[in-house]
Amino acid sequence: MRAASGPGAHAAPPRSKGDAAGRKPVFPADGAKTSIALALVVAAGVWLRARALSAPFFADDYLFLDQARHRSLLETLASPDPLGNFFRPVSRQLWFWCLSAASGQSAAAFHAANLVLMIAILLLLFTLIRRGLGTGPALAGTALLAVHHALDVPVLWACGNQDLLAVTGALAAVLLHREGRRLAAAAAFALALLSKETVVLTPFIAAMAARRGHEPWRAAAMRTWPLFAVLLAWGATWFVTLARRPAMSAEVKVGAEGFPAAFVHLLQTAIAFEWPRAGLASWDLTSPPLALALIAVGIAIAAPGRPRTASRAPGERRRALLAGAGWAFFATLPAVAVAGIWSAYYYLYAMCGVALLFAALVASRPWWVALLPVLAVGWASDNVRRMPEFSRSADAWSWQSHVNRHYIERGMSVVFRFLEDLRRQRPQLPPRTTLFFTGVPAQVAFQAADGPLVRWAYGDSTLRSYFLNRFRSEHATRGPVFFFQVHDDSLREIVGGDSLERIGFSLVVSEQFDAARDAFALAWARDPSGLYLAYRLAWVEAARGDSAATRGWLTRSRVSPVSGPAPEVPQAFARIEAGDTTAALALAQSAVAHHGLDPGAHALLADLLLVRPATFRAGALEAFAARLLAPGDAWAWRRWGFVQAIQGRNTQAREALERYLALAGEQARNDVEAHELLREIRRKLPGGDLAQEDLRRTLPTRK
């Protein structure tokens, strides 16, 4: 017979004094009551997340669906990871291929599978805790996780299967290792590691959970060698395939603040404590969810009428306390590398350790003592999941998750509406069509890579789509090209004879000069008589550093590539002082035509044109030319920054205005208008209060 092995051993534990005196345990191990109580706890977890069944796909989902479509399983596994960041073949290629083949890429099927994985996590956690602490503490720990918002994102997002599969496999590995089934544990751990590397330190957790009494730590670790062997093999594979993951460095950044921040957020997540940007006073607290009633009934069913002492020996409880704390610690360490973009669901595996720790703390307490913290965390989690905000800036000390339920639901809503707009305007797309999008709100994953969402929506593998700044002239030779922009929360096609010119102007203001050059060049190819297009091409080439092309295009546009000063400029100023702006405008235009490389002429013409809505675009181009010709002129940067701000290019406007303030020095100290605009821009950028307020705005819906 195998010797007893720690908190999960099958052998009967030593009896405490309370047991010797004949007292009943806090939670009697009644089979029927246990089954009913556990069913209610699991039902509460499902109830809180049942809406996921009607959720669509979102963001990275389309990348993995696209990879699995029209490929065999072996081809899918052999193809590069679409994100190019992590090595997760089980939860990405294998999972999406299998479910796609079985369901026809049904979103409901993927979300139903995620709910099944969530249930498996709850059942495994219950079994694991029950082995060492008994039924009651196991129910309490499982209930804590069931109501916690750390489970929300993984269930709601089809890609959340990565976290769910990893945690399911890791829990199975720990449980199997405690039962002495080490090879099976190693297999489960391998599947978990190939789903998501956040469970990488599971061998240490398993060693702590399976330690026998006062067994030396070295002996407990030595029995865990199959898990460490899997870890070593995975590490070697991960290292060999590192070159296939060039995007990993963009997400994984280990900094000095990562370690303390990761553990502060562990404590924050454990108690479900996040709050709006405006502070706790603005938090619209809601009543506790009805699902908590199921939890209360479940725990009450499994409890006797009056408090009793614990059924397990004190040694079992102490080992469980240590194992729970160690579990939370080791499961949190991987989050150090992504502390700058932390989210509560990153701590799902650590929350299993917190649940074990909590179960050990309440093991010898009356049942209602276990219930109250569960209800409190459940209520707090419900308010967090209802919070209409999320952190938009990379900040390790943000008190909001970067990805939460609002992030996912908001993104899903916007993507659904944009798809409706796209299909309404273009019910069908010719083969080899390329679409370009601009103005898509931040944190809305409508466009990614080369257009997997568009291919999924139209069922055509020849379609491509990109952001507008990726436009190149060769796209027009591939097939039809269509352009779309987001305006007033709707996706609208950019149409009209001057559409390419308007697109080029937008790209200039965004300082995407290669794309702007190709847009103007395509328009010029279609209409070589458009002198205004040649003029725009001249300044785009100047921005790209091609002076020869600049002079050539200026000549084509009938502008002399001659430096100043233009004699018409002082004459124009005189007409302005006399109140004759019409004559001043004519003189400024003449100055630019005869001295196309005079920054003063362009600056004057820009100031005269920018004040009129009808000529704003032309004035903006003159402001751009003045900035290019006089990069050391503070006022040129100020003018250009204001143009970019008016066009909604906040990031570029901030940079231009900061350049102005740096060049102007003391002269800019009293420039109230510039300082106020810069302050307003910063409030609109990610992390600013206006940016957060925009997240709270109710997005329009359509029936």
# chains A, B, ... in the order shown; residues from 1 in each chain; ligands from 1
>>> closest_atom_pairs(of="stretch 350-386 of chain A", to="stretch 123-143 of chain A", cutoff="10 Å", atoms="only C-alpha atoms", output="Markdown table")
| residue | atom | partner | partner_atom | distance |
| --- | --- | --- | --- | --- |
| A:Met351 | CA | A:Gly141 | CA | 9.7 |
| A:Cys352 | CA | A:Leu125 | CA | 7.1 |
| A:Gly353 | CA | A:Gly141 | CA | 9.4 |
| A:Val354 | CA | A:Gly141 | CA | 8.2 |
| A:Ala355 | CA | A:Gly141 | CA | 4.4 |
| A:Leu356 | CA | A:Gly141 | CA | 6.0 |
| A:Leu357 | CA | A:Gly141 | CA | 8.1 |
| A:Phe358 | CA | A:Gly141 | CA | 6.2 |
| A:Ala359 | CA | A:Pro137 | CA | 4.6 |
| A:Ala360 | CA | A:Pro137 | CA | 6.8 |
| A:Leu361 | CA | A:Pro137 | CA | 8.6 |
| A:Val362 | CA | A:Pro137 | CA | 6.6 |
| A:Ala363 | CA | A:Pro137 | CA | 5.3 |
| A:Ser364 | CA | A:Pro137 | CA | 8.7 |
| A:Arg365 | CA | A:Pro137 | CA | 9.4 |
| A:Pro366 | CA | A:Gly136 | CA | 10.0 |
| A:Trp367 | CA | A:Gly136 | CA | 7.7 |
| A:Val369 | CA | A:Ala140 | CA | 9.9 |
| A:Ala370 | CA | A:Ala140 | CA | 6.1 |
| A:Leu371 | CA | A:Ala140 | CA | 6.9 |
| A:Leu372 | CA | A:Ala140 | CA | 10.0 |
| A:Pro373 | CA | A:Ala140 | CA | 9.2 |
| A:Val374 | CA | A:Ala143 | CA | 6.7 |
| A:Leu375 | CA | A:Ala143 | CA | 9.1 |
| A:Gly378 | CA | A:Ala143 | CA | 8.9 |
>>> write_last_selection(atoms="C-alpha atoms", output="CSV table (one decimal), in the first residue's frame")
chain,number,residue,atom,x,y,z
A,351,MET,CA,-6.2,33.0,-7.6
A,352,CYS,CA,-6.3,29.2,-7.3
A,353,GLY,CA,-3.5,29.5,-4.7
A,354,VAL,CA,-5.4,32.3,-3.0
A,355,ALA,CA,-8.5,30.0,-2.9
A,356,LEU,CA,-6.4,27.3,-1.2
A,357,LEU,CA,-5.0,29.8,1.3
A,358,PHE,CA,-8.5,31.1,2.0
A,359,ALA,CA,-9.8,27.6,2.5
A,360,ALA,CA,-7.1,26.8,5.0
A,361,LEU,CA,-7.8,30.0,6.9
A,362,VAL,CA,-11.5,29.2,7.3
A,363,ALA,CA,-11.1,25.5,7.8
A,364,SER,CA,-11.7,25.6,11.5
A,365,ARG,CA,-14.2,28.5,11.5
A,366,PRO,CA,-18.0,28.5,11.5
A,367,TRP,CA,-19.5,28.1,8.1
A,369,VAL,CA,-17.3,33.0,8.6
A,370,ALA,CA,-16.3,31.3,5.3
A,371,LEU,CA,-19.4,32.6,3.6
A,372,LEU,CA,-19.0,36.3,4.4
A,373,PRO,CA,-15.6,36.8,2.5
A,374,VAL,CA,-17.0,34.9,-0.5
A,375,LEU,CA,-20.0,37.2,-0.6
A,378,GLY,CA,-18.4,38.3,-5.1
>>> residues_around(residues="stretch 576-581 of chain A", least_positions_apart="6", cutoff="10 Å", atoms="only C-alpha atoms", output="number ranges by chain")
A: 570, 587, 608
>>> write_last_selection(atoms="N, CA and C atoms", output="tab-separated table (two decimals), in the first residue's frame")
chain	number	residue	atom	x	y	z
A	570	PRO	N	6.36	91.38	-47.78
A	570	PRO	CA	6.11	92.65	-47.08
A	570	PRO	C	4.94	93.43	-47.68
A	587	LEU	N	-1.28	88.38	-53.11
A	587	LEU	CA	0.16	88.61	-53.04
A	587	LEU	C	0.89	87.40	-52.44
A	608	LEU	N	-3.28	82.98	-43.82
A	608	LEU	CA	-4.43	83.57	-44.51
A	608	LEU	C	-5.47	82.52	-44.90
>>> residues_around(residues="A:Leu522", least_positions_apart="2", cutoff="10 Å", atoms="only C-alpha atoms", output="PyMOL selection string")
chain A and resi 472-474+476+500-501+504+516-520+524-528+533
>>> atom_distance(atom1="atom CA of A:Tyr535", atom2="atom CA of A:Leu610")
17.8 Å
>>> residues_around(residues="A:Ser393", least_positions_apart="4", cutoff="10 Å", atoms="only C-alpha atoms", output="PDB file with C-alpha atoms, in the first residue's frame")
ATOM      1  CA  GLY A 340       3.014  47.328 -17.436  1.00  0.00           C
ATOM      2  CA  ILE A 341      -0.078  45.883 -19.125  1.00  0.00           C
ATOM      3  CA  SER A 398      -2.492  51.557 -12.869  1.00  0.00           C
ATOM      4  CA  HIS A 402      -5.872  46.980 -19.086  1.00  0.00           C
ATOM      5  CA  LEU A 685      -4.399  60.771 -24.887  1.00  0.00           C
ATOM      6  CA  PRO A 686      -4.338  57.312 -23.267  1.00  0.00           C
ATOM      7  CA  GLY A 687      -4.107  57.753 -19.510  1.00  0.00           C
ATOM      8  CA  GLY A 688      -5.778  61.172 -19.547  1.00  0.00           C
TER       9      GLY A 688
END
>>> select_by_dssp(residues="stretch 81-301 of chain A", states="alpha helix (DSSP H)", output="ChimeraX atom specification")
/A:95-103,107-133,135-146,152-156,161-178,182-193,202-209,217-222,225-240,258-270,291-301
>>> residues_around(residues="stretch 247-263 of chain A", least_positions_apart="5", cutoff="10 Å", atoms="only C-alpha atoms", output="PDB file with C-alpha atoms, in the first residue's frame")
ATOM      1  CA  LEU A  83       0.816  36.856 -33.515  1.00  0.00           C
ATOM      2  CA  GLY A  84       4.460  35.869 -33.531  1.00  0.00           C
ATOM      3  CA  ASN A  85       4.814  36.370 -29.792  1.00  0.00           C
ATOM      4  CA  PHE A  86       4.440  33.131 -27.808  1.00  0.00           C
ATOM      5  CA  PHE A  87       4.747  29.378 -28.256  1.00  0.00           C
ATOM      6  CA  LEU A 242      12.677  31.985 -30.285  1.00  0.00           C
ATOM      7  CA  GLN A 268      -5.619  44.035  -5.327  1.00  0.00           C
ATOM      8  CA  THR A 269      -7.013  41.276  -7.523  1.00  0.00           C
ATOM      9  CA  ALA A 328       0.080  32.437  -5.175  1.00  0.00           C
ATOM     10  CA  PHE A 329       3.721  33.570  -5.092  1.00  0.00           C
ATOM     11  CA  THR A 332       2.449  35.586  -9.801  1.00  0.00           C
ATOM     12  CA  LEU A 333       6.132  35.638 -10.768  1.00  0.00           C
ATOM     13  CA  PRO A 334       5.454  35.356 -14.547  1.00  0.00           C
ATOM     14  CA  ALA A 335       3.253  38.470 -14.293  1.00  0.00           C
ATOM     15  CA  VAL A 336       6.346  40.511 -13.406  1.00  0.00           C
ATOM     16  CA  ALA A 337       7.324  40.498 -17.096  1.00  0.00           C
ATOM     17  CA  VAL A 338       3.983  42.034 -18.154  1.00  0.00           C
ATOM     18  CA  ALA A 339       3.287  44.284 -15.176  1.00  0.00           C
ATOM     19  CA  GLY A 340       3.014  47.328 -17.436  1.00  0.00           C
ATOM     20  CA  ILE A 341      -0.078  45.883 -19.125  1.00  0.00           C
ATOM     21  CA  TRP A 342      -1.453  43.888 -16.209  1.00  0.00           C
ATOM     22  CA  TYR A 346      -3.434  37.370 -15.542  1.00  0.00           C
ATOM     23  CA  TYR A 347      -3.858  36.219 -11.928  1.00  0.00           C
ATOM     24  CA  ASP A 395       1.434  51.705 -16.550  1.00  0.00           C
ATOM     25  CA  ALA A 396       2.556  49.113 -14.019  1.00  0.00           C
ATOM     26  CA  TRP A 397       0.876  51.072 -11.231  1.00  0.00           C
ATOM     27  CA  SER A 398      -2.492  51.557 -12.869  1.00  0.00           C
TER      28      SER A 398
END
>>> residues_around(residues="stretch 90-97 of chain A", least_positions_apart="6", cutoff="7 Å", atoms="only C-alpha atoms", output="MDAnalysis selection string")
chainID A and resid 64:65 68 73 76:77 161:162 165 191 194:195
>>> write_last_selection(atoms="C-alpha atoms", output="JSON list (two decimals), in the first residue's frame")
[["chain", "number", "residue", "atom", "x", "y", "z"],
["A", 64, "PHE", "CA", -6.39, 31.92, -35.29],
["A", 65, "LEU", "CA", -9.62, 31.20, -37.16],
["A", 68, "ALA", "CA", -7.08, 27.11, -39.26],
["A", 73, "LEU", "CA", -4.14, 20.05, -38.81],
["A", 76, "THR", "CA", -1.88, 24.55, -39.20],
["A", 77, "LEU", "CA", 0.60, 23.33, -36.60],
["A", 161, "ASN", "CA", -9.12, 29.41, -23.80],
["A", 162, "GLN", "CA", -5.35, 29.91, -23.52],
["A", 165, "LEU", "CA", -6.50, 25.39, -20.79],
["A", 191, "LEU", "CA", -0.35, 20.41, -22.25],
["A", 194, "LEU", "CA", 1.92, 24.48, -24.49],
["A", 195, "SER", "CA", -1.29, 26.40, -23.83]]
>>> decode(residues="stretch 332-380 of chain A", atoms="N, CA and C atoms", output="PDB file, in the first residue's frame")
ATOM      1  N   THR A 332       2.398  34.148  -9.517  1.00  0.00           N
ATOM      2  CA  THR A 332       2.449  35.586  -9.801  1.00  0.00           C
ATOM      3  C   THR A 332       3.756  35.992 -10.466  1.00  0.00           C
ATOM      4  N   LEU A 333       4.823  35.257 -10.232  1.00  0.00           N
ATOM      5  CA  LEU A 333       6.132  35.638 -10.768  1.00  0.00           C
ATOM      6  C   LEU A 333       6.121  35.887 -12.283  1.00  0.00           C
ATOM      7  N   PRO A 334       5.466  35.058 -13.107  1.00  0.00           N
ATOM      8  CA  PRO A 334       5.454  35.356 -14.547  1.00  0.00           C
ATOM      9  C   PRO A 334       4.809  36.698 -14.886  1.00  0.00           C
ATOM     10  N   ALA A 335       3.914  37.191 -14.030  1.00  0.00           N
ATOM     11  CA  ALA A 335       3.253  38.470 -14.293  1.00  0.00           C
ATOM     12  C   ALA A 335       4.201  39.650 -14.159  1.00  0.00           C
ATOM     13  N   VAL A 336       5.360  39.431 -13.543  1.00  0.00           N
ATOM     14  CA  VAL A 336       6.346  40.511 -13.406  1.00  0.00           C
ATOM     15  C   VAL A 336       6.757  41.028 -14.781  1.00  0.00           C
ATOM     16  N   ALA A 337       6.865  40.125 -15.758  1.00  0.00           N
ATOM     17  CA  ALA A 337       7.324  40.498 -17.096  1.00  0.00           C
ATOM     18  C   ALA A 337       6.293  41.303 -17.871  1.00  0.00           C
ATOM     19  N   VAL A 338       5.034  41.296 -17.441  1.00  0.00           N
ATOM     20  CA  VAL A 338       3.983  42.034 -18.154  1.00  0.00           C
ATOM     21  C   VAL A 338       3.245  42.967 -17.200  1.00  0.00           C
ATOM     22  N   ALA A 339       3.942  43.429 -16.172  1.00  0.00           N
ATOM     23  CA  ALA A 339       3.287  44.284 -15.176  1.00  0.00           C
ATOM     24  C   ALA A 339       2.768  45.577 -15.787  1.00  0.00           C
ATOM     25  N   GLY A 340       3.435  46.069 -16.826  1.00  0.00           N
ATOM     26  CA  GLY A 340       3.014  47.328 -17.436  1.00  0.00           C
ATOM     27  C   GLY A 340       1.675  47.256 -18.129  1.00  0.00           C
ATOM     28  N   ILE A 341       1.223  46.041 -18.463  1.00  0.00           N
ATOM     29  CA  ILE A 341      -0.078  45.883 -19.125  1.00  0.00           C
ATOM     30  C   ILE A 341      -0.943  44.893 -18.352  1.00  0.00           C
ATOM     31  N   TRP A 342      -0.801  44.893 -17.051  1.00  0.00           N
ATOM     32  CA  TRP A 342      -1.453  43.888 -16.209  1.00  0.00           C
ATOM     33  C   TRP A 342      -2.978  43.934 -16.327  1.00  0.00           C
ATOM     34  N   SER A 343      -3.583  42.792 -16.094  1.00  0.00           N
ATOM     35  CA  SER A 343      -5.035  42.674 -16.008  1.00  0.00           C
ATOM     36  C   SER A 343      -5.362  41.613 -14.972  1.00  0.00           C
ATOM     37  N   ALA A 344      -6.541  41.694 -14.407  1.00  0.00           N
ATOM     38  CA  ALA A 344      -6.913  40.763 -13.340  1.00  0.00           C
ATOM     39  C   ALA A 344      -6.864  39.318 -13.811  1.00  0.00           C
ATOM     40  N   TYR A 345      -7.212  39.070 -15.068  1.00  0.00           N
ATOM     41  CA  TYR A 345      -7.242  37.673 -15.516  1.00  0.00           C
ATOM     42  C   TYR A 345      -5.840  37.074 -15.615  1.00  0.00           C
ATOM     43  N   TYR A 346      -4.796  37.898 -15.602  1.00  0.00           N
ATOM     44  CA  TYR A 346      -3.434  37.370 -15.542  1.00  0.00           C
ATOM     45  C   TYR A 346      -3.213  36.563 -14.251  1.00  0.00           C
ATOM     46  N   TYR A 347      -4.034  36.840 -13.246  1.00  0.00           N
ATOM     47  CA  TYR A 347      -3.858  36.219 -11.928  1.00  0.00           C
ATOM     48  C   TYR A 347      -4.804  35.048 -11.695  1.00  0.00           C
ATOM     49  N   LEU A 348      -5.362  34.501 -12.758  1.00  0.00           N
ATOM     50  CA  LEU A 348      -6.301  33.391 -12.595  1.00  0.00           C
ATOM     51  C   LEU A 348      -5.633  32.196 -11.913  1.00  0.00           C
ATOM     52  N   TYR A 349      -4.436  31.847 -12.351  1.00  0.00           N
ATOM     53  CA  TYR A 349      -3.735  30.716 -11.743  1.00  0.00           C
ATOM     54  C   TYR A 349      -3.338  31.046 -10.307  1.00  0.00           C
ATOM     55  N   ALA A 350      -2.894  32.269 -10.066  1.00  0.00           N
ATOM     56  CA  ALA A 350      -2.548  32.677  -8.704  1.00  0.00           C
ATOM     57  C   ALA A 350      -3.775  32.660  -7.803  1.00  0.00           C
ATOM     58  N   MET A 351      -4.941  32.967  -8.366  1.00  0.00           N
ATOM     59  CA  MET A 351      -6.166  32.957  -7.566  1.00  0.00           C
ATOM     60  C   MET A 351      -6.513  31.550  -7.094  1.00  0.00           C
ATOM     61  N   CYS A 352      -6.068  30.525  -7.794  1.00  0.00           N
ATOM     62  CA  CYS A 352      -6.262  29.154  -7.301  1.00  0.00           C
ATOM     63  C   CYS A 352      -5.479  28.963  -6.007  1.00  0.00           C
ATOM     64  N   GLY A 353      -4.271  29.526  -5.943  1.00  0.00           N
ATOM     65  CA  GLY A 353      -3.503  29.487  -4.703  1.00  0.00           C
ATOM     66  C   GLY A 353      -4.151  30.296  -3.612  1.00  0.00           C
ATOM     67  N   VAL A 354      -4.688  31.466  -3.980  1.00  0.00           N
ATOM     68  CA  VAL A 354      -5.405  32.293  -3.002  1.00  0.00           C
ATOM     69  C   VAL A 354      -6.611  31.524  -2.462  1.00  0.00           C
ATOM     70  N   ALA A 355      -7.303  30.795  -3.340  1.00  0.00           N
ATOM     71  CA  ALA A 355      -8.461  30.006  -2.905  1.00  0.00           C
ATOM     72  C   ALA A 355      -8.049  28.929  -1.915  1.00  0.00           C
ATOM     73  N   LEU A 356      -6.913  28.265  -2.151  1.00  0.00           N
ATOM     74  CA  LEU A 356      -6.414  27.259  -1.214  1.00  0.00           C
ATOM     75  C   LEU A 356      -6.035  27.903   0.113  1.00  0.00           C
ATOM     76  N   LEU A 357      -5.387  29.047   0.042  1.00  0.00           N
ATOM     77  CA  LEU A 357      -5.010  29.771   1.262  1.00  0.00           C
ATOM     78  C   LEU A 357      -6.250  30.174   2.051  1.00  0.00           C
ATOM     79  N   PHE A 358      -7.239  30.677   1.362  1.00  0.00           N
ATOM     80  CA  PHE A 358      -8.489  31.078   2.011  1.00  0.00           C
ATOM     81  C   PHE A 358      -9.181  29.872   2.646  1.00  0.00           C
ATOM     82  N   ALA A 359      -9.206  28.760   1.928  1.00  0.00           N
ATOM     83  CA  ALA A 359      -9.844  27.553   2.460  1.00  0.00           C
ATOM     84  C   ALA A 359      -9.160  27.092   3.740  1.00  0.00           C
ATOM     85  N   ALA A 360      -7.831  27.191   3.775  1.00  0.00           N
ATOM     86  CA  ALA A 360      -7.100  26.792   4.978  1.00  0.00           C
ATOM     87  C   ALA A 360      -7.382  27.741   6.139  1.00  0.00           C
ATOM     88  N   LEU A 361      -7.541  29.015   5.835  1.00  0.00           N
ATOM     89  CA  LEU A 361      -7.792  30.001   6.896  1.00  0.00           C
ATOM     90  C   LEU A 361      -9.153  29.787   7.558  1.00  0.00           C
ATOM     91  N   VAL A 362     -10.142  29.355   6.769  1.00  0.00           N
ATOM     92  CA  VAL A 362     -11.498  29.212   7.318  1.00  0.00           C
ATOM     93  C   VAL A 362     -11.817  27.765   7.686  1.00  0.00           C
ATOM     94  N   ALA A 363     -10.832  26.880   7.578  1.00  0.00           N
ATOM     95  CA  ALA A 363     -11.106  25.455   7.790  1.00  0.00           C
ATOM     96  C   ALA A 363     -11.638  25.155   9.177  1.00  0.00           C
ATOM     97  N   SER A 364     -11.213  25.907  10.171  1.00  0.00           N
ATOM     98  CA  SER A 364     -11.651  25.634  11.540  1.00  0.00           C
ATOM     99  C   SER A 364     -12.649  26.672  12.036  1.00  0.00           C
ATOM    100  N   ARG A 365     -13.243  27.416  11.118  1.00  0.00           N
ATOM    101  CA  ARG A 365     -14.187  28.473  11.495  1.00  0.00           C
ATOM    102  C   ARG A 365     -15.622  28.061  11.208  1.00  0.00           C
ATOM    103  N   PRO A 366     -16.595  28.725  11.845  1.00  0.00           N
ATOM    104  CA  PRO A 366     -18.004  28.456  11.523  1.00  0.00           C
ATOM    105  C   PRO A 366     -18.271  28.724  10.040  1.00  0.00           C
ATOM    106  N   TRP A 367     -19.264  28.065   9.492  1.00  0.00           N
ATOM    107  CA  TRP A 367     -19.515  28.143   8.059  1.00  0.00           C
ATOM    108  C   TRP A 367     -19.816  29.566   7.593  1.00  0.00           C
ATOM    109  N   TRP A 368     -20.468  30.358   8.453  1.00  0.00           N
ATOM    110  CA  TRP A 368     -20.801  31.711   8.013  1.00  0.00           C
ATOM    111  C   TRP A 368     -19.566  32.606   7.942  1.00  0.00           C
ATOM    112  N   VAL A 369     -18.520  32.254   8.683  1.00  0.00           N
ATOM    113  CA  VAL A 369     -17.267  33.006   8.578  1.00  0.00           C
ATOM    114  C   VAL A 369     -16.642  32.784   7.200  1.00  0.00           C
ATOM    115  N   ALA A 370     -16.785  31.585   6.674  1.00  0.00           N
ATOM    116  CA  ALA A 370     -16.301  31.305   5.319  1.00  0.00           C
ATOM    117  C   ALA A 370     -17.170  31.982   4.269  1.00  0.00           C
ATOM    118  N   LEU A 371     -18.472  32.072   4.557  1.00  0.00           N
ATOM    119  CA  LEU A 371     -19.403  32.622   3.567  1.00  0.00           C
ATOM    120  C   LEU A 371     -19.227  34.119   3.378  1.00  0.00           C
ATOM    121  N   LEU A 372     -19.020  34.855   4.456  1.00  0.00           N
ATOM    122  CA  LEU A 372     -18.985  36.314   4.361  1.00  0.00           C
ATOM    123  C   LEU A 372     -17.904  36.838   3.417  1.00  0.00           C
ATOM    124  N   PRO A 373     -16.646  36.372   3.499  1.00  0.00           N
ATOM    125  CA  PRO A 373     -15.645  36.850   2.538  1.00  0.00           C
ATOM    126  C   PRO A 373     -15.985  36.504   1.091  1.00  0.00           C
ATOM    127  N   VAL A 374     -16.580  35.330   0.896  1.00  0.00           N
ATOM    128  CA  VAL A 374     -16.969  34.946  -0.465  1.00  0.00           C
ATOM    129  C   VAL A 374     -18.008  35.917  -1.011  1.00  0.00           C
ATOM    130  N   LEU A 375     -19.001  36.248  -0.188  1.00  0.00           N
ATOM    131  CA  LEU A 375     -20.031  37.195  -0.626  1.00  0.00           C
ATOM    132  C   LEU A 375     -19.443  38.580  -0.868  1.00  0.00           C
ATOM    133  N   ALA A 376     -18.512  38.992  -0.009  1.00  0.00           N
ATOM    134  CA  ALA A 376     -17.894  40.312  -0.167  1.00  0.00           C
ATOM    135  C   ALA A 376     -17.081  40.390  -1.459  1.00  0.00           C
ATOM    136  N   VAL A 377     -16.264  39.373  -1.710  1.00  0.00           N
ATOM    137  CA  VAL A 377     -15.464  39.365  -2.937  1.00  0.00           C
ATOM    138  C   VAL A 377     -16.365  39.228  -4.164  1.00  0.00           C
ATOM    139  N   GLY A 378     -17.423  38.443  -4.037  1.00  0.00           N
ATOM    140  CA  GLY A 378     -18.358  38.303  -5.145  1.00  0.00           C
ATOM    141  C   GLY A 378     -19.043  39.604  -5.484  1.00  0.00           C
ATOM    142  N   TRP A 379     -19.446  40.350  -4.468  1.00  0.00           N
ATOM    143  CA  TRP A 379     -20.085  41.653  -4.699  1.00  0.00           C
ATOM    144  C   TRP A 379     -19.088  42.638  -5.293  1.00  0.00           C
ATOM    145  N   ALA A 380     -17.872  42.665  -4.738  1.00  0.00           N
ATOM    146  CA  ALA A 380     -16.846  43.563  -5.275  1.00  0.00           C
ATOM    147  C   ALA A 380     -16.520  43.202  -6.724  1.00  0.00           C
TER     148      ALA A 380
END
